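Trainee: Here you go, structure-v7.txt (compact mmCIF, C-alpha atoms):
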# COMPACT_ATOMS: atom_id res chain seq x y z
CA MET A 1 -6.57 -28.82 34.25
CA SER A 2 -4.41 -31.50 35.74
CA PRO A 3 -5.23 -32.61 39.26
CA ILE A 4 -2.81 -31.81 42.03
CA THR A 5 -0.78 -34.78 43.23
CA LEU A 6 -0.16 -35.78 46.81
CA ALA A 7 3.51 -34.87 46.28
CA GLN A 8 2.50 -31.32 45.49
CA GLN A 9 0.04 -31.25 48.34
CA VAL A 10 2.55 -32.36 50.98
CA GLY A 11 5.51 -30.52 49.46
CA PHE A 12 7.38 -33.58 48.21
CA THR A 13 10.06 -32.49 45.72
CA GLU A 14 11.70 -34.44 42.95
CA GLN A 15 14.90 -34.61 45.01
CA ASP A 16 12.98 -36.17 47.91
CA ALA A 17 11.53 -38.78 45.56
CA GLN A 18 14.89 -39.42 43.92
CA ARG A 19 16.43 -40.50 47.23
CA ILE A 20 13.68 -43.08 47.79
CA ALA A 21 13.73 -44.19 44.15
CA ASP A 22 17.48 -44.80 44.42
CA ALA A 23 16.82 -47.12 47.37
CA GLY A 24 14.18 -48.90 45.25
CA CYS A 25 16.69 -49.30 42.42
CA ASP A 26 19.22 -50.80 44.84
CA LEU A 27 16.60 -53.33 45.94
CA LEU A 28 15.75 -54.15 42.33
CA ASN A 29 19.42 -54.56 41.53
CA GLY A 30 19.80 -56.88 44.52
CA GLY A 31 16.90 -58.99 43.29
CA GLN A 32 14.58 -58.01 46.17
CA LEU A 33 11.67 -57.55 43.83
CA GLU A 34 8.82 -57.45 46.35
CA ALA A 35 10.52 -54.77 48.42
CA ALA A 36 11.42 -52.77 45.31
CA ALA A 37 7.82 -53.02 44.11
CA ASP A 38 6.58 -51.64 47.46
CA VAL A 39 8.90 -48.67 47.20
CA PHE A 40 7.88 -47.85 43.64
CA LYS A 41 4.16 -48.34 44.31
CA GLY A 42 4.45 -45.95 47.22
CA LEU A 43 6.21 -43.37 45.07
CA LEU A 44 3.52 -43.70 42.42
CA ALA A 45 0.84 -43.14 45.07
CA ILE A 46 2.54 -39.88 45.95
CA ASN A 47 3.11 -38.88 42.35
CA PRO A 48 1.41 -40.91 39.61
CA ARG A 49 3.04 -38.67 37.01
CA ASP A 50 6.63 -39.79 37.58
CA ALA A 51 7.86 -41.40 34.35
CA PHE A 52 11.05 -42.69 35.94
CA VAL A 53 9.21 -44.55 38.69
CA HIS A 54 6.67 -46.01 36.23
CA THR A 55 9.62 -47.34 34.23
CA ALA A 56 11.35 -48.74 37.31
CA TYR A 57 8.15 -50.42 38.49
CA GLY A 58 7.65 -51.79 34.98
CA MET A 59 11.10 -53.34 35.19
CA VAL A 60 10.19 -55.00 38.49
CA LEU A 61 7.04 -56.45 36.93
CA GLN A 62 9.03 -57.59 33.93
CA GLU A 63 11.50 -59.37 36.23
CA GLN A 64 8.56 -60.95 38.04
CA GLY A 65 7.31 -62.25 34.72
CA ASP A 66 4.14 -60.15 34.57
CA GLU A 67 4.85 -58.81 31.11
CA ALA A 68 1.36 -57.45 30.43
CA ALA A 69 1.45 -55.34 33.60
CA ALA A 70 4.99 -54.27 32.75
CA VAL A 71 3.86 -53.02 29.34
CA ARG A 72 1.08 -51.03 31.06
CA GLU A 73 3.64 -49.36 33.32
CA PHE A 74 5.86 -48.52 30.35
CA ASP A 75 2.76 -47.10 28.60
CA SER A 76 2.14 -44.87 31.63
CA ALA A 77 5.78 -43.77 31.68
CA LEU A 78 5.65 -42.88 28.00
CA GLU A 79 2.42 -40.95 28.45
CA GLU A 80 4.30 -38.66 30.81
CA ASP A 81 7.57 -38.68 28.92
CA PRO A 82 7.25 -39.97 25.34
CA LYS A 83 11.04 -40.08 24.98
CA MET A 84 11.85 -42.09 28.11
CA PRO A 85 14.58 -44.33 26.61
CA VAL A 86 14.42 -47.34 28.94
CA ALA A 87 10.61 -47.47 28.79
CA LEU A 88 10.81 -47.41 24.97
CA LEU A 89 13.47 -50.12 24.86
CA ASN A 90 11.70 -52.46 27.27
CA ARG A 91 8.25 -51.94 25.80
CA GLY A 92 9.69 -52.46 22.33
CA ILE A 93 11.25 -55.76 23.34
CA LEU A 94 8.12 -56.99 25.12
CA ARG A 95 5.96 -56.02 22.16
CA LEU A 96 8.24 -57.83 19.72
CA LYS A 97 8.27 -60.90 21.94
CA ARG A 98 4.51 -60.97 21.66
CA GLY A 99 4.65 -60.58 17.91
CA ASN A 100 3.60 -56.94 17.91
CA VAL A 101 5.70 -55.18 15.29
CA ALA A 102 4.91 -51.80 16.86
CA GLY A 103 7.76 -52.77 19.15
CA LEU A 104 10.12 -51.93 16.30
CA ASP A 105 8.91 -48.32 16.33
CA ASP A 106 9.69 -48.13 20.04
CA LEU A 107 13.17 -49.46 19.45
CA LYS A 108 13.80 -47.25 16.45
CA ALA A 109 13.00 -44.22 18.61
CA VAL A 110 15.93 -45.13 20.86
CA THR A 111 18.48 -46.13 18.22
CA PRO A 112 19.95 -42.63 17.79
CA LEU A 113 21.03 -42.60 21.45
CA LYS A 114 24.73 -43.01 22.03
CA THR A 115 24.24 -45.11 25.14
CA THR A 116 24.10 -48.83 25.87
CA VAL A 117 20.32 -48.55 25.60
CA GLY A 118 20.66 -47.12 22.10
CA GLU A 119 23.27 -49.72 21.23
CA ARG A 120 21.02 -52.56 22.37
CA ALA A 121 18.09 -51.15 20.41
CA ARG A 122 20.26 -50.93 17.27
CA GLU A 123 21.36 -54.56 17.71
CA ILE A 124 17.80 -55.80 18.02
CA VAL A 125 16.53 -53.73 15.10
CA LYS A 126 19.42 -55.03 13.00
CA ALA A 127 18.79 -58.64 14.06
CA PHE A 128 15.12 -58.20 13.25
CA ALA A 129 15.88 -56.79 9.80
CA GLN A 130 18.09 -59.79 8.97
CA ARG A 131 15.39 -62.32 9.74
CA MET B 132 1.05 -126.72 8.20
CA ILE B 133 -1.85 -125.94 5.95
CA ASN B 134 -3.32 -123.79 8.60
CA GLN B 135 -0.09 -121.84 8.86
CA VAL B 136 -0.07 -121.12 5.10
CA GLU B 137 -3.69 -120.14 5.16
CA ASN B 138 -3.01 -117.88 8.04
CA ARG B 139 -0.09 -116.28 6.20
CA ASN B 140 -2.36 -115.62 3.21
CA VAL B 141 -4.99 -114.00 5.32
CA ASN B 142 -3.33 -110.66 5.30
CA HIS B 143 -5.42 -107.66 6.10
CA GLU B 144 -2.98 -105.17 4.64
CA PRO B 145 -2.84 -104.85 0.86
CA ASP B 146 0.25 -106.26 -0.71
CA ALA B 147 2.69 -103.83 -2.22
CA GLY B 148 2.28 -103.43 -5.95
CA VAL B 149 -1.21 -104.91 -6.03
CA LEU B 150 -3.74 -102.70 -7.65
CA HIS B 151 -6.91 -102.06 -5.76
CA ALA B 152 -10.21 -100.76 -6.91
CA PRO B 153 -10.36 -96.95 -6.88
CA PRO B 154 -12.39 -95.38 -4.08
CA PRO B 155 -15.96 -94.46 -4.94
CA PRO B 156 -16.26 -91.00 -6.46
CA VAL B 157 -16.89 -88.30 -3.87
CA LYS B 158 -19.55 -85.77 -4.66
CA LYS B 159 -18.02 -82.38 -5.20
CA LYS B 160 -19.01 -80.15 -2.38
CA LYS B 161 -19.30 -76.42 -2.60
CA LYS B 162 -15.91 -74.94 -1.84
CA ALA B 163 -15.90 -74.24 1.86
CA GLN B 164 -14.77 -70.81 3.02
CA PRO B 165 -11.58 -71.13 5.03
CA PRO B 166 -12.30 -70.28 8.66
CA LYS B 167 -11.10 -66.87 9.73
CA LEU B 168 -8.09 -67.44 11.87
CA PRO B 169 -6.56 -64.85 14.15
CA PRO B 170 -3.42 -63.28 12.67
CA LYS B 171 -0.47 -65.50 13.22
CA VAL B 172 1.46 -64.37 16.27
CA GLU B 173 5.11 -64.66 15.63
CA VAL B 174 7.08 -65.13 18.78
CA ILE B 175 10.50 -63.69 18.43
CA ALA B 176 13.17 -65.55 20.30
CA PHE B 177 16.04 -63.44 21.48
CA PRO B 178 19.45 -65.06 21.32
CA PRO B 179 20.31 -66.29 24.81
CA GLY B 180 23.13 -64.60 26.63
CA ARG B 181 23.16 -61.53 24.44
CA PHE B 182 20.66 -59.55 26.41
CA HIS B 183 19.69 -59.00 30.00
CA PRO B 184 17.65 -62.00 31.28
CA THR B 185 14.43 -60.00 31.12
CA GLY B 186 15.30 -58.86 27.64
CA GLY B 187 15.12 -55.29 28.90
CA ALA B 188 17.41 -52.65 30.25
CA THR B 189 19.45 -53.10 33.40
CA VAL B 190 18.95 -51.01 36.52
CA LYS B 191 22.28 -49.33 35.80
CA GLU B 192 20.98 -48.30 32.41
CA LEU B 193 17.79 -47.01 33.97
CA THR B 194 19.61 -44.79 36.42
CA GLU B 195 22.28 -43.66 34.00
CA THR B 196 20.28 -43.03 30.86
CA PRO B 197 19.30 -39.39 30.77
CA CYS B 198 15.59 -38.73 30.80
CA GLU B 199 14.18 -36.21 28.38
CA GLU B 200 11.23 -35.38 30.56
CA PRO B 201 10.61 -31.66 30.49
CA LYS B 202 11.34 -30.20 33.89
CA VAL B 203 9.28 -27.06 33.78
CA GLY B 204 8.11 -27.02 37.31
CA TYR B 205 4.93 -27.28 39.25
CA GLY B 206 2.30 -29.50 37.73
CA THR B 207 4.45 -30.97 35.00
CA THR B 208 6.25 -33.74 36.77
CA GLY B 209 3.73 -33.92 39.56
CA PHE B 210 6.24 -32.92 42.22
CA LYS B 211 6.38 -29.82 44.28
CA ASP B 212 8.62 -27.36 42.51
CA PRO B 213 11.31 -26.16 44.95
CA ALA B 214 10.75 -22.64 43.58
CA VAL B 215 7.10 -22.89 44.59
CA ARG B 216 8.10 -24.18 48.00
CA LYS B 217 10.39 -21.14 48.41
CA LEU B 218 7.67 -18.77 47.28
CA GLU B 219 5.27 -20.27 49.80
CA SER B 220 7.83 -19.99 52.54
CA ASP B 221 8.63 -16.35 51.64
CA ILE B 222 4.95 -15.48 51.59
CA ALA B 223 4.48 -17.15 54.96
CA PHE B 224 7.47 -15.22 56.30
CA MET B 225 6.06 -11.90 55.12
CA THR B 226 2.68 -12.78 56.56
CA ARG B 227 4.25 -13.54 59.93
CA LEU B 228 6.13 -10.28 59.69
CA LEU B 229 2.99 -8.28 58.98
CA ASP B 230 1.06 -10.06 61.70
CA GLY B 231 3.47 -9.78 64.55
CA ASP B 232 7.06 -8.87 64.01
CA PHE B 233 6.64 -5.78 61.92
CA ASP B 234 6.81 -3.27 64.75
CA ARG B 235 10.10 -4.75 65.86
CA LEU B 236 11.39 -4.63 62.31
CA GLU B 237 10.24 -1.08 61.78
CA ALA B 238 12.01 -0.02 64.95
CA ALA B 239 15.16 -1.71 63.72
CA PHE B 240 14.99 0.16 60.42
CA THR B 241 14.30 3.45 62.10
CA GLY B 242 17.36 3.06 64.25
CA TRP B 243 19.47 2.11 61.28
CA ALA B 244 20.19 5.09 59.08
CA PRO B 245 22.57 4.65 56.17
CA ALA B 246 24.88 7.59 55.62
CA ASP B 247 23.50 8.48 52.17
CA GLY B 248 19.91 8.44 53.40
CA ILE B 249 18.80 5.98 50.76
CA LEU B 250 18.30 2.27 51.23
CA SER B 251 20.71 1.09 48.58
CA MET B 252 21.50 -2.44 47.49
CA GLN B 253 24.77 -2.10 49.39
CA ASP B 254 22.84 -1.36 52.55
CA ILE B 255 20.67 -4.38 51.98
CA LEU B 256 23.73 -6.55 51.40
CA TRP B 257 25.26 -5.25 54.61
CA ALA B 258 22.11 -5.98 56.59
CA ALA B 259 21.86 -9.45 55.06
CA ASP B 260 25.21 -10.40 56.56
CA SER B 261 25.02 -8.41 59.74
CA THR B 262 24.65 -10.18 63.05
CA ASP B 263 23.41 -6.87 64.48
CA CYS B 264 20.28 -7.21 62.37
CA ALA B 265 19.64 -10.85 63.23
CA GLN B 266 17.54 -10.27 66.33
CA SER B 267 15.16 -7.76 64.81
CA GLY B 268 14.36 -9.92 61.80
CA LEU B 269 15.87 -7.23 59.59
CA ARG B 270 18.55 -9.66 58.44
CA ASP B 271 15.96 -12.14 57.14
CA VAL B 272 14.13 -9.42 55.23
CA ALA B 273 17.38 -8.09 53.85
CA ARG B 274 18.35 -11.59 52.69
CA LEU B 275 15.02 -12.03 51.00
CA ILE B 276 15.32 -8.69 49.23
CA LYS B 277 18.96 -9.34 48.36
CA ASN B 278 18.01 -12.49 46.50
CA ASP B 279 15.13 -10.89 44.63
CA PRO B 280 15.84 -7.62 42.78
CA ARG B 281 12.11 -7.08 42.19
CA LEU B 282 11.53 -6.89 45.91
CA PHE B 283 14.45 -4.52 46.19
CA ASN B 284 12.82 -2.24 43.63
CA ILE B 285 9.59 -2.18 45.59
CA ILE B 286 11.38 -1.39 48.84
CA ASN B 287 13.61 1.22 47.23
CA ALA B 288 10.98 2.82 44.99
CA ASP B 289 10.18 5.74 47.26
CA GLY B 290 13.83 6.41 48.08
CA ASN B 291 13.08 6.43 51.77
CA ILE B 292 15.03 4.70 54.44
CA GLY B 293 13.23 1.77 55.99
CA ILE B 294 10.47 -0.53 54.97
CA THR B 295 6.83 0.29 55.43
CA ARG B 296 4.00 -2.15 56.02
CA THR B 297 2.60 -1.20 52.60
CA GLU B 298 5.85 -2.10 50.93
CA ILE B 299 5.94 -5.49 52.60
CA GLN B 300 2.33 -6.04 51.53
CA ALA B 301 3.29 -5.08 47.96
CA CYS B 302 6.18 -7.53 48.07
CA ARG B 303 3.90 -10.29 49.33
CA LYS B 304 1.38 -9.56 46.60
CA LEU B 305 4.10 -9.80 43.98
CA LEU B 306 5.14 -13.21 45.30
CA GLU B 307 1.52 -14.34 45.54
CA ASP B 308 0.96 -13.36 41.90
CA GLU B 309 4.05 -15.28 40.89
CA LEU B 310 2.87 -18.30 42.85
CA ARG B 311 -0.52 -18.09 41.15
CA VAL B 312 1.17 -18.06 37.71
CA LYS B 313 3.39 -21.00 38.65
CA THR B 314 0.52 -23.06 39.95
CA ALA B 315 -1.89 -22.16 37.14
CA GLY B 316 -3.25 -25.13 35.25
CA LEU B 317 -3.79 -27.25 38.31
CA SER B 318 -7.21 -28.09 39.61
CA ALA B 319 -6.26 -26.54 42.91
CA GLY B 320 -3.21 -24.58 43.89
CA PRO B 321 -1.85 -24.16 47.37
CA ALA B 322 -3.38 -20.73 47.77
CA PRO B 323 -1.24 -18.58 50.02
CA GLN B 324 -2.92 -18.24 53.36
CA VAL B 325 -3.67 -14.86 54.80
CA SER B 326 -2.80 -15.05 58.45
CA GLY B 327 -5.66 -15.93 60.75
CA THR B 328 -7.98 -16.90 57.94
CA THR B 329 -8.40 -19.74 55.51
CA PRO B 330 -8.53 -19.06 51.78
CA ALA B 331 -12.25 -19.70 51.83
CA ALA B 332 -12.91 -17.46 54.80
CA ALA B 333 -10.79 -14.72 53.24
CA GLY B 334 -13.08 -14.75 50.26
CA SER B 335 -10.51 -16.38 48.02
CA THR B 336 -11.71 -18.28 45.00
CA ALA B 337 -9.36 -21.18 45.79
CA GLN B 338 -10.93 -24.49 44.92
CA PRO B 339 -10.82 -27.48 47.21
CA ILE B 340 -7.61 -29.43 46.88
CA VAL B 341 -8.18 -32.57 44.86
CA PRO B 342 -5.29 -35.00 44.96
CA SER B 343 -5.27 -37.48 42.13
CA VAL B 344 -4.66 -40.37 44.52
CA LEU B 345 -6.78 -41.74 47.36
CA PRO B 346 -9.98 -41.69 45.33
CA GLY B 347 -12.25 -42.01 48.38
CA LEU B 348 -10.84 -38.90 49.94
CA ASP B 349 -10.88 -37.16 46.57
CA GLY B 350 -14.63 -37.32 46.43
CA ALA B 351 -15.07 -36.39 50.07
CA ILE B 352 -12.93 -33.29 49.72
CA GLU B 353 -14.61 -32.31 46.48
CA ASN B 354 -18.06 -32.59 48.03
CA LEU B 355 -16.89 -30.71 51.06
CA GLY B 356 -15.49 -27.96 48.86
CA SER B 357 -18.76 -27.48 47.02
CA THR B 358 -20.71 -27.49 50.31
CA ILE B 359 -18.37 -24.83 51.67
CA ASN B 360 -18.88 -22.74 48.55
CA SER B 361 -22.62 -23.07 48.82
CA VAL B 362 -22.63 -22.04 52.51
CA GLN B 363 -20.46 -19.04 51.71
CA GLN B 364 -22.83 -18.06 48.93
CA GLN B 365 -25.81 -18.29 51.26
CA MET B 366 -23.99 -16.15 53.81
CA SER B 367 -23.18 -13.60 51.16
CA GLU B 368 -26.82 -13.46 50.00
CA LEU B 369 -28.03 -13.02 53.55
CA THR B 370 -25.49 -10.25 54.16
CA ASN B 371 -26.86 -8.42 51.11
CA GLN B 372 -30.34 -8.65 52.60
CA LEU B 373 -29.36 -6.67 55.68
CA THR B 374 -31.44 -3.49 55.63
CA GLY B 375 -30.21 -1.56 58.63
CA ASP B 376 -33.51 -2.17 60.42
CA ALA B 377 -32.44 -3.71 63.73
CA LYS B 378 -35.56 -5.86 64.13
CA ALA B 379 -35.48 -7.33 60.64
CA ASP B 380 -31.72 -7.69 60.63
CA ALA B 381 -31.69 -9.63 63.91
CA LYS B 382 -33.30 -12.63 62.24
CA ILE B 383 -30.92 -12.52 59.28
CA GLN B 384 -27.98 -12.06 61.63
CA GLY B 385 -29.07 -15.20 63.51
CA GLN B 386 -29.12 -17.17 60.26
CA ILE B 387 -25.70 -15.83 59.31
CA THR B 388 -24.32 -16.89 62.71
CA GLN B 389 -25.72 -20.39 62.24
CA LEU B 390 -24.22 -20.64 58.77
CA ASN B 391 -20.92 -19.36 60.05
CA THR B 392 -20.82 -22.11 62.70
CA LYS B 393 -21.55 -24.66 59.99
CA LEU B 394 -18.85 -23.15 57.77
CA GLN B 395 -16.25 -23.37 60.53
CA MET B 396 -17.18 -27.00 61.11
CA LEU B 397 -16.81 -27.78 57.41
CA LEU B 398 -13.48 -25.98 57.19
CA ASN B 399 -12.19 -27.94 60.18
CA LEU B 400 -13.31 -31.16 58.56
CA GLN B 401 -11.59 -30.20 55.32
CA ALA B 402 -8.38 -29.43 57.21
CA SER B 403 -8.62 -32.81 59.01
CA LEU B 404 -8.98 -34.65 55.71
CA LEU B 405 -5.97 -32.90 54.26
CA THR B 406 -3.95 -33.68 57.38
CA MET B 407 -5.04 -37.29 57.11
CA MET B 408 -3.69 -37.44 53.56
CA SER B 409 -0.42 -35.87 54.62
CA ASN B 410 -0.11 -38.39 57.41
CA VAL B 411 -0.70 -41.27 55.01
CA ALA B 412 2.10 -39.96 52.82
CA LYS B 413 4.46 -39.54 55.77
CA LEU B 414 3.59 -42.95 57.16
CA TRP B 415 4.23 -44.58 53.84
CA SER B 416 7.53 -42.75 53.46
CA GLU B 417 8.69 -43.83 56.94
CA THR B 418 7.56 -47.41 56.39
CA SER B 419 9.35 -47.77 53.10
CA MET B 420 12.54 -46.20 54.46
CA ASN B 421 12.44 -48.57 57.44
CA ALA B 422 12.03 -51.50 55.08
CA VAL B 423 15.04 -50.31 53.12
CA ARG B 424 17.09 -49.87 56.31
CA ASN B 425 16.18 -53.33 57.57
CA MET B 426 17.23 -54.90 54.33
CA LYS B 427 20.58 -53.18 54.40
Please lay out the structure from this file as structure tokens.
Mentor:
Amino acid sequence: MSPITLAQQVGFTEQDAQRIADAGCDLLNGGQLEAAADVFKGLLAINPRDAFVHTAYGMVLQEQGDEAAAVREFDSALEEDPKMPVALLNRGILRLKRGNVAGLDDLKAVTPLKTTVGERAREIVKAFAQR
Amino acid sequence: MINQVENRNVNHEPDAGVLHAPPPPVKKKKKAQPPKLPPKVEVIAFPPGRFHPTGGATVKELTETPCEEPKVGYGTTGFKDPAVRKLESDIAFMTRLLDGDFDRLEAAFTGWAPADGILSMQDILWAADSTDCAQSGLRDVARLIKNDPRLFNIINADGNIGITRTEIQACRKLLEDELRVKTAGLSAGPAPQVSGTTPAAAGSTAQPIVPSVLPGLDGAIENLGSTINSVQQQMSELTNQLTGDAKADAKIQGQITQLNTKLQMLLNLQASLLTMMSNVAKLWSETSMNAVRNMK
């Protein structure tokens, strides 16, 4: 049995969260990392099972240079949604940077995607194969 | 002059090409085991300028890349499913209706007789859009039934004009069952409240609500829940001991009253804790939105 989240308790829907997460993404995009982190941490307090917000918070940590914490957030995102493309891409890159070849598996999982994320993963996998 | 030559000859470094005596033989030592080194960590440098500075995805990619997270409702993503929210609201509406507004509604139905004598879907559709039915609450019921054919079947099953209290109760039960199915698998579901009672007081088996955040409150609510259950059990045992003998029962009745007071106190405390958690969530939401506004 999974425990009820605060979002479910107070009637917070995904649409409600999306509006706040969008504001967090704007802050992240504008480089206001502390403020973005506050928004995402708050959202995770309300719903710790939101893969998107784990990924977004992981990106903030990655920008802040805390790569170990970023990997933990991407791990949490992938626990909830094992196919979350951005979490796979970023975790893959961070793992490879640290010499962990498991990062390649993360990237390979995204390569079939016909998006810029998939394209980037393909480039890195290719570059890695040519080494 | 001589001194200079002598000095030049006193050279501490061996001259090139001059053979020197070989070094004394070194005793062969047992071949030392190479020390176990940690596996070599290969740091992979990413070509500069080709990737985002962090090496990861951009925010644009995050928001535009479709997520494959399964959206199957309550308990999966951790959010409140809008369908659950609607069910709760419909149940609350029916409860209000049964508690207070039903007489008014019944009167409205009695005064409203469709020509064919049967409450058809057409009649329901008409009532759903009719301003005449707005005051009596009939319009709201009609809208609810209009949007849910199962409710329509319940209302229309007996072929009679009008809606009876039993039919509304049957509709509410149907929605409550659906809510129970939708919220199954969670440690505690938002059990639909029967008006004037709490789930615990109504004898429901609803467990205490255990949010996965705020660990301190988690424990407090859990303990409170088990205490409430234990008090209810004691009350139930005492009620079974009632014999009908006024003298003997008076003592038991006194104990039941005491336990009931305690139970009410615990239920109030539980409600306060839940309100506190809701307030924390609201406060956080307002604070973060203010922060966002200020930055803009």
Trainee: Near chain B, which residues of chain A fall within 7 Å when you count only C-alpha atoms, and what do they look like as a VMD selection string?
Mentor: chain A and resid 1 to 8 10 to 14 23 25 29 39 42 45 to 47 49 to 50 62 to 63 81 83 to 84 86 89 to 90 93 96 to 99 117
Trainee: Can those selected residues be exported to a file as a PDB file, in the coordinates of the input so that it contains C-alpha atoms?
Mentor:
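To be explicit, this is the file written out as part.pdb:
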ATOM      1  CA  MET A   1      -6.570 -28.820  34.250  1.00  0.00           C
ATOM      2  CA  SER A   2      -4.410 -31.500  35.740  1.00  0.00           C
ATOM      3  CA  PRO A   3      -5.230 -32.610  39.260  1.00  0.00           C
ATOM      4  CA  ILE A   4      -2.810 -31.810  42.030  1.00  0.00           C
ATOM      5  CA  THR A   5      -0.780 -34.780  43.230  1.00  0.00           C
ATOM      6  CA  LEU A   6      -0.160 -35.780  46.810  1.00  0.00           C
ATOM      7  CA  ALA A   7       3.510 -34.870  46.280  1.00  0.00           C
ATOM      8  CA  GLN A   8       2.500 -31.320  45.490  1.00  0.00           C
ATOM      9  CA  VAL A  10       2.550 -32.360  50.980  1.00  0.00           C
ATOM     10  CA  GLY A  11       5.510 -30.520  49.460  1.00  0.00           C
ATOM     11  CA  PHE A  12       7.380 -33.580  48.210  1.00  0.00           C
ATOM     12  CA  THR A  13      10.060 -32.490  45.720  1.00  0.00           C
ATOM     13  CA  GLU A  14      11.700 -34.440  42.950  1.00  0.00           C
ATOM     14  CA  ALA A  23      16.820 -47.120  47.370  1.00  0.00           C
ATOM     15  CA  CYS A  25      16.690 -49.300  42.420  1.00  0.00           C
ATOM     16  CA  ASN A  29      19.420 -54.560  41.530  1.00  0.00           C
ATOM     17  CA  VAL A  39       8.900 -48.670  47.200  1.00  0.00           C
ATOM     18  CA  GLY A  42       4.450 -45.950  47.220  1.00  0.00           C
ATOM     19  CA  ALA A  45       0.840 -43.140  45.070  1.00  0.00           C
ATOM     20  CA  ILE A  46       2.540 -39.880  45.950  1.00  0.00           C
ATOM     21  CA  ASN A  47       3.110 -38.880  42.350  1.00  0.00           C
ATOM     22  CA  ARG A  49       3.040 -38.670  37.010  1.00  0.00           C
ATOM     23  CA  ASP A  50       6.630 -39.790  37.580  1.00  0.00           C
ATOM     24  CA  GLN A  62       9.030 -57.590  33.930  1.00  0.00           C
ATOM     25  CA  GLU A  63      11.500 -59.370  36.230  1.00  0.00           C
ATOM     26  CA  ASP A  81       7.570 -38.680  28.920  1.00  0.00           C
ATOM     27  CA  LYS A  83      11.040 -40.080  24.980  1.00  0.00           C
ATOM     28  CA  MET A  84      11.850 -42.090  28.110  1.00  0.00           C
ATOM     29  CA  VAL A  86      14.420 -47.340  28.940  1.00  0.00           C
ATOM     30  CA  LEU A  89      13.470 -50.120  24.860  1.00  0.00           C
ATOM     31  CA  ASN A  90      11.700 -52.460  27.270  1.00  0.00           C
ATOM     32  CA  ILE A  93      11.250 -55.760  23.340  1.00  0.00           C
ATOM     33  CA  LEU A  96       8.240 -57.830  19.720  1.00  0.00           C
ATOM     34  CA  LYS A  97       8.270 -60.900  21.940  1.00  0.00           C
ATOM     35  CA  ARG A  98       4.510 -60.970  21.660  1.00  0.00           C
ATOM     36  CA  GLY A  99       4.650 -60.580  17.910  1.00  0.00           C
ATOM     37  CA  VAL A 117      20.320 -48.550  25.600  1.00  0.00           C
TER      38      VAL A 117
END
Trainee: What is the distance, in Å and to one decimal place, between CA of Met59 in chain A and CA of Ile124 in chain A?
Mentor: 18.6 Å
Trainee: Which residue is closest to Val71 in chain A? Choose from A:Pro85, A:Gly103, A:Gly118, A:Pro48 and count all atoms listed in the file.
Mentor: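 Going through A:Pro85, A:Gly103, A:Gly118, A:Pro48 one by one, the smallest distance to Val71 in chain A is for A:Gly103.
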Trainee: Considering all atoms listed in the file, state which residue in the set A:Leu44, A:Leu94, A:Leu27, A:Leu107 is at the smallest distance from Ala121 in chain A.
Mentor: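 When distances to Ala121 in chain A are compared using all atoms listed in the file, the smallest one comes from A:Leu107.
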Trainee: Please list as a list in words every residue within 12 Å of Lys393 in chain B, counting all atoms listed in the file and excluding residues in the same chain fewer than 4 positions away.
Mentor: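 Contacts, in chain order: Leu355, Thr358, Ile359, Asn360, Ser361, Val362, Gln363, Gln365, Met366, Gln386, Ile387, Thr388, Gln389, Leu397, Leu398, Asn399 and Leu400 of chain B.
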Trainee: Separation of CA of Lys108 in chain A and CA of Lys126 in chain A, in Å?
Mentor: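 One can read the CA of Lys108 in chain A to CA of Lys126 in chain A distance as 10.2 Å.
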Trainee: Set the distance at 9 Å and use all atoms listed in the file: which residues neighbour Lys41 in chain A once local chain neighbours fewer than 6 positions away are removed? I'd like the list as a list in words.
Mentor: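 Counting only the stated atoms, we get Val53, His54 and Tyr57 of chain A.
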Trainee: Mind writing the picked residues with C-alpha atoms as a compact mmCIF listing (two decimals), keeping the file's coordinate frame?
Mentor:
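Everything below was put into part-v2.txt:
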# COMPACT_ATOMS: atom_id res chain seq x y z
CA VAL A 53 9.21 -44.55 38.69
CA HIS A 54 6.67 -46.01 36.23
CA TYR A 57 8.15 -50.42 38.49
Trainee: Nearest residue to Thr111 in chain A out of A:Ala87, A:Ala35, A:Val125, A:Ala21, using all atoms listed in the file?
Mentor: A:Val125
Trainee: Report the distance between CA of Ala379 in chain B and CA of Leu394 in chain B in Å, rounded to one decimal place.
Mentor: 23.1 Å
